[in-house]
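Undergrad: Just dropping this structure here.
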Amino acid sequence: MANQGPKFGLSREVQCKIDKKYDPELEERLVEWIVLQCGADRPEPGKVAFQNWLKDGCVLCQLINSLYGANKPIKNIKNPGMAFKQMEQISMFLSVAENYGVTKTDIFQTVDLFEAKDMAAVQRTLMALGSLAVTKDDGCYKGDPNWFHRKAQENRRDFTEQQLSEGKSVIGLQMGTNKGASQAGMSYGRPRQIINNN
């Protein structure tokens, strides 16, 4: 974390809560997938090593390019030494991941990775990307398909006009029923009993 001193008070509490969301087991699975997917070198285990491995954006750009097959969206992947160039590569990965189909709410901010502000958000983005890659099933995904959940797919149903008109005459169970419920046996207007304890 460049140019940052230690955190105190509420800032420290918030950062501790964010850090608790980081999952070391998920890190192992993501590293395994990224190494298989794009042939990157395996980092040392641990959150700091994971962050340093992804920090320059090279591995992320190789990952997203490998999911596109032959027409790679990021043409030049360099190993930049300057911080703003590294952040630029992370931003390119994020924009291409959004174009790939990762929802905006699943995408981390550049500083979450670059300054290790929220590495759990980085994990969520990579999980969403892996889920999309498995779901697309276009032959670009490498690795065990059970590592990620498949996203829900559209299951469109077409009904004829006759089927639609028949459905209008059926009372659904959500509407309730008038069978079985009555007020028989209910007694209203009974005087209240007063017990005198004298």
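Identifiers in this document derive from the order of the structure tokens: chains are assigned A, B, ..., residues are numbered from 1 separately in each chain, and ligands are numbered from 1 in order of occurrence.
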With a distance cut-off of 12 Å and only C-alpha atoms, select the neighbouring residues of Gly101 in chain A, excluding the residue or stretch itself and same-chain residues fewer than 4 positions from it, and output the selection as a PyMOL selection string.
TA: chain A and resi 64+67-68+94-97+105-107+125+128-133+135-136+151
Undergrad: Now that the selection is made, can you save its residues with C-alpha atoms as a compact mmCIF listing (two decimals), in the first residue's frame?
TA:
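The file below, result18.txt, is the result:
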```txt
# COMPACT_ATOMS: atom_id res chain seq x y z
CA ILE A 64 -9.49 -12.31 -20.23
CA LEU A 67 -11.52 -16.48 -22.65
CA TYR A 68 -12.08 -14.74 -25.98
CA LEU A 94 -12.29 -4.53 -15.95
CA SER A 95 -13.82 -2.94 -19.04
CA VAL A 96 -13.30 -6.07 -21.15
CA ALA A 97 -14.71 -8.23 -18.33
CA THR A 105 -22.02 -4.88 -9.29
CA ASP A 106 -19.59 -7.82 -9.46
CA ILE A 107 -16.67 -5.73 -10.74
CA THR A 125 -15.03 -10.57 -9.81
CA ALA A 128 -18.21 -14.13 -11.63
CA LEU A 129 -15.88 -14.27 -14.65
CA GLY A 130 -15.30 -18.00 -14.14
CA SER A 131 -19.03 -18.63 -13.80
CA LEU A 132 -19.69 -16.83 -17.06
CA ALA A 133 -16.92 -18.74 -18.84
CA THR A 135 -21.88 -21.04 -18.62
CA LYS A 136 -20.96 -19.86 -22.13
CA LYS A 151 -25.37 -18.93 -14.34
```
Undergrad: Please build the interface table for range 113-156 of chain A against range 71-88 of chain A with a cut-off of 12 Å, listing for each qualifying residue the nearest atom pair and the distance in Å to one decimal; count only C-alpha atoms, order rows by chain and increasing number, and write it as a Markdown table.
TA:
```
| residue | atom | partner | partner_atom | distance |
| --- | --- | --- | --- | --- |
| A:Leu113 | CA | A:Met87 | CA | 9.1 |
| A:Phe114 | CA | A:Met87 | CA | 6.9 |
| A:Glu115 | CA | A:Met87 | CA | 10.1 |
| A:Cys140 | CA | A:Asn71 | CA | 11.6 |
```
Undergrad: Using N, CA, C and O atoms, can you write the selected residues to a file as a CSV table (one decimal), in the first residue's frame?
TA:
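So result.csv came out as:
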```
chain,number,residue,atom,x,y,z
A,113,LEU,N,-7.6,-3.7,-5.9
A,113,LEU,CA,-6.5,-4.6,-6.2
A,113,LEU,C,-5.2,-3.9,-6.0
A,113,LEU,O,-4.3,-4.4,-5.3
A,114,PHE,N,-5.0,-2.7,-6.6
A,114,PHE,CA,-3.7,-2.1,-6.7
A,114,PHE,C,-3.2,-1.7,-5.3
A,114,PHE,O,-2.0,-1.9,-5.0
A,115,GLU,N,-4.1,-1.3,-4.4
A,115,GLU,CA,-3.7,-0.9,-3.1
A,115,GLU,C,-4.2,-1.9,-2.0
A,115,GLU,O,-4.1,-1.7,-0.8
A,140,CYS,N,-13.6,-22.1,-24.8
A,140,CYS,CA,-12.4,-21.3,-24.4
A,140,CYS,C,-12.1,-21.6,-22.9
A,140,CYS,O,-10.9,-21.3,-22.5
```
Undergrad: Give me every alpha helix (DSSP H) residue in range 35-147 of chain A, going by DSSP on the backbone, as a PyMOL selection string.
TA: chain A and resi 35-38+47-54+58-68+83-100+110-114+119-136
Undergrad: As an exercise, work out the distance from CA of Trp53 in chain A to CA of Gln109 in chain A in Å and give it to one decimal place.
TA: 16.9 Å
Undergrad: Kindly give the distance, in Å, that separates CA of Gln15 in chain A and CA of Lys117 in chain A, rounded to a single decimal.
TA: 7.6 Å
Undergrad: Separation of CA of Asn99 in chain A and CA of Cys61 in chain A, in Å?
TA: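 CA of Cys61 in chain A lies at a distance of 13.5 Å from CA of Asn99 in chain A.
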Undergrad: Which residue gives the smallest distance to Tyr141 in chain A among A:Gln153, A:Thr110, A:Asn65, A:Asn52, with only C-alpha atoms counted?
TA: A:Asn65
Undergrad: Which residue out of A:Arg124, A:Gln89, A:Phe159, A:Gly69 has the minimum interatomic distance to Asp138 in chain A when only C-alpha atoms are used?
TA: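 Smallest separation from Asp138 in chain A among the options: A:Gly69.
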Undergrad: If we count only C-alpha atoms and set the cut-off at 7 Å, which residues sit around Asp118 in chain A, ignoring sequence neighbours fewer than 5 positions away in its own chain? Please answer as an mmCIF file with C-alpha atoms, in the first residue's frame.
TA:
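Once everything was written out, this is part21.cif:
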```
data_model
loop_
_atom_site.group_PDB
_atom_site.id
_atom_site.type_symbol
_atom_site.label_atom_id
_atom_site.label_comp_id
_atom_site.auth_asym_id
_atom_site.auth_seq_id
_atom_site.Cartn_x
_atom_site.Cartn_y
_atom_site.Cartn_z
ATOM 1 C CA ILE A 18 -13.312 -6.126 4.676
ATOM 2 C CA ASP A 19 -10.229 -8.287 5.231
ATOM 3 C CA ASP A 112 -9.266 -2.583 -4.533
ATOM 4 C CA LEU A 113 -6.536 -4.602 -6.205
#
```
Undergrad: Can you pull out every residue within 8 Å of range 21-34 of chain A, counting only C-alpha atoms, but drop anything in the same chain fewer than 4 positions away, and send it as a PDB file with N, CA and C atoms, in the first residue's frame?
TA:
```pdb
ATOM      1  N   LYS A  17     -13.044  -5.643   8.832  1.00  0.00           N
ATOM      2  CA  LYS A  17     -14.245  -6.341   8.360  1.00  0.00           C
ATOM      3  C   LYS A  17     -14.099  -6.731   6.894  1.00  0.00           C
ATOM      4  N   CYS A  38      -4.461 -19.550 -18.536  1.00  0.00           N
ATOM      5  CA  CYS A  38      -3.571 -18.708 -19.360  1.00  0.00           C
ATOM      6  C   CYS A  38      -2.089 -19.055 -19.215  1.00  0.00           C
ATOM      7  N   GLY A  39      -1.761 -20.092 -18.480  1.00  0.00           N
ATOM      8  CA  GLY A  39      -0.372 -20.534 -18.390  1.00  0.00           C
ATOM      9  C   GLY A  39       0.533 -19.613 -17.600  1.00  0.00           C
ATOM     10  N   ALA A  40      -0.014 -18.848 -16.691  1.00  0.00           N
ATOM     11  CA  ALA A  40       0.799 -17.932 -15.884  1.00  0.00           C
ATOM     12  C   ALA A  40       1.568 -18.721 -14.828  1.00  0.00           C
ATOM     13  N   ARG A  42       2.748 -19.764 -11.168  1.00  0.00           N
ATOM     14  CA  ARG A  42       2.005 -19.876  -9.912  1.00  0.00           C
ATOM     15  C   ARG A  42       2.653 -18.994  -8.841  1.00  0.00           C
ATOM     16  N   PRO A  43       1.844 -18.186  -8.134  1.00  0.00           N
ATOM     17  CA  PRO A  43       2.400 -17.350  -7.058  1.00  0.00           C
ATOM     18  C   PRO A  43       2.536 -18.142  -5.761  1.00  0.00           C
ATOM     19  N   PRO A  45       1.535 -18.945  -1.935  1.00  0.00           N
ATOM     20  CA  PRO A  45       0.228 -18.817  -1.288  1.00  0.00           C
ATOM     21  C   PRO A  45       0.186 -17.606  -0.353  1.00  0.00           C
ATOM     22  N   GLY A  46      -0.994 -17.052  -0.195  1.00  0.00           N
ATOM     23  CA  GLY A  46      -1.190 -15.916   0.702  1.00  0.00           C
ATOM     24  C   GLY A  46      -1.773 -14.721  -0.021  1.00  0.00           C
ATOM     25  N   LYS A  47      -2.465 -13.906   0.754  1.00  0.00           N
ATOM     26  CA  LYS A  47      -3.162 -12.752   0.185  1.00  0.00           C
ATOM     27  C   LYS A  47      -2.211 -11.736  -0.430  1.00  0.00           C
ATOM     28  N   PHE A  50      -0.838 -13.091  -3.673  1.00  0.00           N
ATOM     29  CA  PHE A  50      -1.913 -13.089  -4.666  1.00  0.00           C
ATOM     30  C   PHE A  50      -2.117 -11.690  -5.228  1.00  0.00           C
ATOM     31  N   LEU A  63      -5.645 -13.546 -18.829  1.00  0.00           N
ATOM     32  CA  LEU A  63      -6.817 -14.350 -18.480  1.00  0.00           C
ATOM     33  C   LEU A  63      -8.009 -13.991 -19.350  1.00  0.00           C
ATOM     34  N   MET A 119      -9.501  -7.169  -1.358  1.00  0.00           N
ATOM     35  CA  MET A 119      -9.136  -8.322  -2.167  1.00  0.00           C
ATOM     36  C   MET A 119     -10.297  -9.317  -2.287  1.00  0.00           C
ATOM     37  N   ALA A 120     -11.245  -9.262  -1.367  1.00  0.00           N
ATOM     38  CA  ALA A 120     -12.432 -10.113  -1.484  1.00  0.00           C
ATOM     39  C   ALA A 120     -13.259  -9.701  -2.700  1.00  0.00           C
ATOM     40  N   GLN A 123     -11.723 -11.291  -5.649  1.00  0.00           N
ATOM     41  CA  GLN A 123     -12.132 -12.692  -5.719  1.00  0.00           C
ATOM     42  C   GLN A 123     -13.541 -12.832  -6.286  1.00  0.00           C
ATOM     43  N   LEU A 126     -13.440 -12.375 -10.080  1.00  0.00           N
ATOM     44  CA  LEU A 126     -12.884 -13.540 -10.756  1.00  0.00           C
ATOM     45  C   LEU A 126     -13.845 -14.725 -10.707  1.00  0.00           C
ATOM     46  N   MET A 127     -14.580 -14.871  -9.609  1.00  0.00           N
ATOM     47  CA  MET A 127     -15.594 -15.923  -9.530  1.00  0.00           C
ATOM     48  C   MET A 127     -16.709 -15.689 -10.545  1.00  0.00           C
ATOM     49  N   LYS A 142     -10.854 -23.460 -19.681  1.00  0.00           N
ATOM     50  CA  LYS A 142      -9.988 -24.596 -19.352  1.00  0.00           C
ATOM     51  C   LYS A 142     -10.053 -24.815 -17.850  1.00  0.00           C
ATOM     52  N   GLY A 143     -10.099 -26.047 -17.451  1.00  0.00           N
ATOM     53  CA  GLY A 143     -10.167 -26.352 -16.032  1.00  0.00           C
ATOM     54  C   GLY A 143     -11.398 -27.171 -15.713  1.00  0.00           C
ATOM     55  N   TRP A 147     -15.610 -26.067 -10.643  1.00  0.00           N
ATOM     56  CA  TRP A 147     -15.025 -25.015  -9.817  1.00  0.00           C
ATOM     57  C   TRP A 147     -15.954 -23.816  -9.691  1.00  0.00           C
TER      58      TRP A 147
END
```
